[in-house]
Structure formats: C-alpha cells, structure tokens
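The structure appears below as structure tokens.
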Amino acid sequence: MSQQPVDDLRALIGDAQRIVIFTGAGISTESGIPDFRSPGGIWTRYKPIMFDDFMRSAESRRESWRRKIETDKTMTVAQPNRGHLAVAALVNRGLCTAVITQNIDGLHQVSGVPADQVIELHGNSTYAKCLDCDTRMEIPPILEAFARDETMPECPSCSSEYVKTATISFGQSMPEAEMRRAEIATNNCDLMIAIGSSLQVYPAAGFPIMAKRVGAKLAILNREATELDQYADLLVHEEIGPTLGAAVGLN
C-alpha cells in the first residue's frame, strides 16, 4: 500500500469538522460478508424476491426465510474489521456526525458507533418487523421454529403473517425518515468519505453528489473504480481497512 493516499486522506480528515461517512458492501467484505452482487454473493445464486411477491405469496415469504438461514451462516459470525473500527474512531472523536450506510449487517453499531448516528438506508437484517403494526421481533426464535418444520413467523402483537427482516426489499419504498436524516447530515457536512460502494445504486448513491453540491469535499475509498470517481477530490483504490485505519491512526 502506498503511503501517499494515506497521507492525503489523513490531511482531508484533519481539515474537516463535520465528516459524514457513506459505506457500502465493500467495507464488510473484509469481515467475510460477501457483496450480494459479487461472485458467490446471494444475488448471483438466487433471483431477488420482489416486495410485491413477498406480500402476495406465502411461498415467497417462505423462500425469504430459507435464504435468511443461508445468509446468517456468514453474517451472524462476522465481526467488525479495521475499517469499521476506524469509522467508529472518527465518530467517537466527534469528527464524524453520521454514518450513512447501504449495509444491513449492523456491524457499524457492533464496532462502537452509537445507533442514533447510523443511518441505515436499506434497513437491518439482524431483526425482523411486522409490516402491519411495526412490532420488532428477534431473529433467532423465528429461525429456530422455521428450521424445524418451516413454521412461518406470526406477529405477537397483531397476529399478522407479514413479518420480514427489517430490510428494504426490491420494489419496497425507501424509508422516509432515514432518507431525510441522511439528507440533513449531508447538507451539513464539510467532508464526505464514501467507502466500499460502487456508487451505482440510487437513490442512496445520490448523497455523495449532494455533498459536492453544498461545497463539501468528497473522498472515495474503494478497491475498484466507481460511478462517481470523476467527482472525487481524493480517489483511493486500496484495501479499505488498512488504508482508513492508518489514516485515522489506529494501531
């Protein structure tokens, strides 16, 4: 790894007072969670279940829980890596006001970022919610019952059968409150660091451009080229954990 990108990123961070971090799947691949789109990812093996199909078909709901059992074999054992810890360090030093994430793994919270500073645009797969009354349900009891005989979850509050992981499915509306929080944070930042995202999934990928429009600097840290490289004030194509960890001074 070249020292120059680390020094350049450290300088940008040192000049900033209101950093917003934007993260995608790439920050979690170093924790062993495959990008859904990459070879071996779930979307290369299964066709995504559309939200309308989930609502319309009991079999689609059943299939979604089969896939949850499969993905949890990797996700539930994953631990934050150096990239997550570096982000948490920036938050806990008071330099980063918010972490906007496309990820659903909850690793930013596990790494030490306060939950109220994590804005989850695509939801969270570590718990489930009733789509009728919004009751939160924990995943392990659901999967334990389902693994026995494919018993489908039922909401304990309203008896609804429409219970799903608290993630945003294809065709499902983006969460209005989180989108608004992300917009406010972006409009008030002076540096956005986009990490581990191809920046091609909208509307989430619109936040780095929004940051540029309000005069903030934009740094992009990703192993591969992204859709927004041309707009970056600093472009770093390196491993995420080692680069960000060095830039923020983690041992």
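Chains: A, B, ... in order of the structure tokens. Residues: from 1 per chain. Ligands: from 1, in order shown.
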Quiz prompt | Backbone DSSP call of strand (DSSP E) for region 48-234 of chain A, listed as number ranges by chain | solution = A: 96-101, 118-120, 123-130, 136-138, 163-167, 191-195, 217-221, 234
For the interface of region 90-178 of chain A with region 199-210 of chain A (cut-off 9 Å, counting only C-alpha atoms), please tabulate each contacting residue of region 90-178 of chain A alongside its nearest pair of atoms and their separation in Å to one decimal, rows sorted by chain and increasing number, as JSON lines.
{"residue": "A:Ile100", "atom": "CA", "partner": "A:Ala204", "partner_atom": "CA", "distance": 8.9}
{"residue": "A:Thr101", "atom": "CA", "partner": "A:Ala204", "partner_atom": "CA", "distance": 8.6}
{"residue": "A:Gln102", "atom": "CA", "partner": "A:Ala204", "partner_atom": "CA", "distance": 7.3}
{"residue": "A:Leu121", "atom": "CA", "partner": "A:Ala204", "partner_atom": "CA", "distance": 7.0}
{"residue": "A:His122", "atom": "CA", "partner": "A:Ala204", "partner_atom": "CA", "distance": 8.8}
{"residue": "A:Met174", "atom": "CA", "partner": "A:Pro203", "partner_atom": "CA", "distance": 8.6}
For the selection you just gave me, I'd like the residues written to a file as a compact mmCIF listing (two decimals), in the first residue's frame, keeping C-alpha atoms.
# COMPACT_ATOMS: atom_id res chain seq x y z
CA ILE A 100 -24.93 6.66 6.20
CA THR A 101 -24.83 3.02 5.18
CA GLN A 102 -26.24 0.80 2.47
CA LEU A 121 -30.85 3.31 4.11
CA HIS A 122 -31.52 -0.34 3.28
CA MET A 174 -37.11 3.66 0.78
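Using only C-alpha atoms, the contacts of Ala246 (chain A) at a cut-off of 7 Å, with sequence neighbours closer than 4 positions omitted, comprise Val6, Pro242 and Leu250 of chain A.
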Self-check item: Long-range neighbours of Asn187 (chain A) as a VMD selection string, 12 Å cut-off, only C-alpha atoms, 5 positions minimum in chain
Solution: chain A and resid 18 to 20 97 to 98 180 to 182 192 207 to 217
Suppose we keep C-alpha atoms; can you now write the selection as a tab-separated table (two decimals), in the first residue's frame?
chain	number	residue	atom	x	y	z
A	18	ARG	CA	-18.26	17.74	10.11
A	19	ILE	CA	-17.48	14.47	8.36
A	20	VAL	CA	-20.18	12.16	7.05
A	97	THR	CA	-21.58	13.44	12.64
A	98	ALA	CA	-23.27	10.48	10.89
A	180	ARG	CA	-34.48	12.69	5.43
A	181	ARG	CA	-31.87	12.21	8.17
A	182	ALA	CA	-29.26	11.37	5.53
A	192	MET	CA	-17.97	13.02	2.84
A	207	PHE	CA	-25.73	11.56	-1.32
A	208	PRO	CA	-22.07	11.99	-2.38
A	209	ILE	CA	-23.21	14.24	-5.24
A	210	MET	CA	-25.44	16.13	-2.82
A	211	ALA	CA	-22.40	16.69	-0.60
A	212	LYS	CA	-20.44	18.14	-3.50
A	213	ARG	CA	-23.31	20.48	-4.35
A	214	VAL	CA	-23.24	22.03	-0.88
A	215	GLY	CA	-19.50	22.60	-1.12
A	216	ALA	CA	-18.18	19.62	0.82
A	217	LYS	CA	-15.08	17.70	-0.19
Exercise. Could you give me, as a PyMOL selection string, each residue of region 26-153 of chain A that DSSP assigns to helix (DSSP H, G or I) when run on this structure's backbone?
Key: chain A and resi 26-29+42-45+51-56+58-75+82-92+107-111+115-117+139-149
Residues of region 38-115 of chain A that approach region 142-149 of chain A to 9 Å or less, counting only C-alpha atoms: could you list each one with the shortest pair of atoms and its distance in Å to one decimal, rows by chain and increasing residue number, as a tab-separated table?
residue	atom	partner	partner_atom	distance
A:Arg62	CA	A:Phe146	CA	8.9
A:Trp65	CA	A:Leu143	CA	7.5
A:Arg66	CA	A:Phe146	CA	8.2
A:Lys68	CA	A:Leu143	CA	8.2
A:Ile69	CA	A:Leu143	CA	6.8
Practice problem: Tell me, as an MDAnalysis selection string, which residues lie within 10 Å of Thr76 (chain A), counting only C-alpha atoms; anything in the same chain fewer than 2 positions away does not count. | Solution: chainID A and resid 33 71:74 78:79 105:106 125:126
Quiz item: What does the distance between CA of Arg82 (chain A) and CA of Ser169 (chain A) come to in Å, to one decimal place?
Solution: 28.8 Å
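In this comparison, which uses only C-alpha atoms, the residue of A:Ile13, A:Ile21, A:Met179, A:Leu90 approaching Ile193 (chain A) most closely is A:Ile21.
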Quiz prompt | Near-Pro156 (chain A) list (10 Å; only C-alpha atoms; drop same-chain fewer than 4 positions) as a list in words | solution = Cys130, Thr135, Arg136, Met137, Ser160 and Glu161 of chain A
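Taking CA of Glu227 (chain A) as the reference point, CA of Asp116 (chain A) is found at 29.1 Å.
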Exercise. For Pro80 (chain A), please output as a list in words all residues within 8 Å (counting only C-alpha atoms; exclusion window: fewer than 3 positions along the same chain).
Key: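 Counting only C-alpha atoms, the residues come to Ser28, Ser31, Gly83, His84, Leu85, Leu107, His108, Val110 and Ser111 of chain A.
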Could you write those residues out with N, CA, C and O atoms, as a PDB file, in the first residue's frame?
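Writing the result to out-v2.pdb gives the following:
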ATOM      1  N   SER A  28     -17.555  -4.320   4.458  1.00  0.00           N
ATOM      2  CA  SER A  28     -17.852  -5.541   5.211  1.00  0.00           C
ATOM      3  C   SER A  28     -17.290  -6.802   4.578  1.00  0.00           C
ATOM      4  O   SER A  28     -17.270  -7.857   5.223  1.00  0.00           O
ATOM      5  N   SER A  31     -14.762  -8.423   6.529  1.00  0.00           N
ATOM      6  CA  SER A  31     -15.251  -9.186   7.682  1.00  0.00           C
ATOM      7  C   SER A  31     -15.797 -10.543   7.264  1.00  0.00           C
ATOM      8  O   SER A  31     -16.353 -11.270   8.094  1.00  0.00           O
ATOM      9  N   GLY A  83     -11.647  -1.358   9.137  1.00  0.00           N
ATOM     10  CA  GLY A  83     -12.389  -0.264   8.521  1.00  0.00           C
ATOM     11  C   GLY A  83     -13.535   0.206   9.392  1.00  0.00           C
ATOM     12  O   GLY A  83     -13.722   1.416   9.608  1.00  0.00           O
ATOM     13  N   HIS A  84     -14.326  -0.729   9.913  1.00  0.00           N
ATOM     14  CA  HIS A  84     -15.414  -0.362  10.823  1.00  0.00           C
ATOM     15  C   HIS A  84     -14.875   0.358  12.055  1.00  0.00           C
ATOM     16  O   HIS A  84     -15.453   1.353  12.513  1.00  0.00           O
ATOM     17  N   LEU A  85     -13.780  -0.162  12.606  1.00  0.00           N
ATOM     18  CA  LEU A  85     -13.220   0.429  13.825  1.00  0.00           C
ATOM     19  C   LEU A  85     -12.688   1.835  13.565  1.00  0.00           C
ATOM     20  O   LEU A  85     -12.773   2.715  14.433  1.00  0.00           O
ATOM     21  N   LEU A 107     -22.875  -4.011  11.562  1.00  0.00           N
ATOM     22  CA  LEU A 107     -21.502  -4.035  12.082  1.00  0.00           C
ATOM     23  C   LEU A 107     -21.014  -2.655  12.528  1.00  0.00           C
ATOM     24  O   LEU A 107     -20.109  -2.568  13.352  1.00  0.00           O
ATOM     25  N   HIS A 108     -21.585  -1.590  11.990  1.00  0.00           N
ATOM     26  CA  HIS A 108     -21.181  -0.261  12.488  1.00  0.00           C
ATOM     27  C   HIS A 108     -21.561  -0.113  13.962  1.00  0.00           C
ATOM     28  O   HIS A 108     -20.771   0.391  14.768  1.00  0.00           O
ATOM     29  N   VAL A 110     -21.998  -2.596  16.124  1.00  0.00           N
ATOM     30  CA  VAL A 110     -21.158  -3.517  16.894  1.00  0.00           C
ATOM     31  C   VAL A 110     -19.764  -2.932  17.104  1.00  0.00           C
ATOM     32  O   VAL A 110     -19.132  -3.136  18.143  1.00  0.00           O
ATOM     33  N   SER A 111     -19.293  -2.157  16.130  1.00  0.00           N
ATOM     34  CA  SER A 111     -17.947  -1.590  16.213  1.00  0.00           C
ATOM     35  C   SER A 111     -17.850  -0.441  17.199  1.00  0.00           C
ATOM     36  O   SER A 111     -16.750   0.005  17.541  1.00  0.00           O
TER      37      SER A 111
END
Practice problem: Choose the residue, out of A:Val113, A:Ala86, A:Glu59, A:Pro48, that has the smallest atom-to-atom separation from Ala247 (chain A); count only C-alpha atoms. | Solution: A:Ala86
Quiz item: Between CA of Val77 (chain A) and CA of Pro34 (chain A), what is the spacing in Å?
Solution: 12.9 Å
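For the residues A:Gly32, A:Asp53, A:Gly249, A:Asp15, ranking by smallest atom-to-atom distance to Tyr162 (chain A) using only C-alpha atoms places A:Asp53 first.
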Quiz prompt | Among the residues A:Asp132, A:Glu239, A:Asp233, A:Glu178, the one that comes closest to Ser159 (chain A) [using only C-alpha atoms] | solution = A:Asp132
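Using only C-alpha atoms, the smallest distance between any of A:Asp229, A:Val87, A:Asp35, A:Asp134 and Thr243 (chain A) comes from A:Val87.
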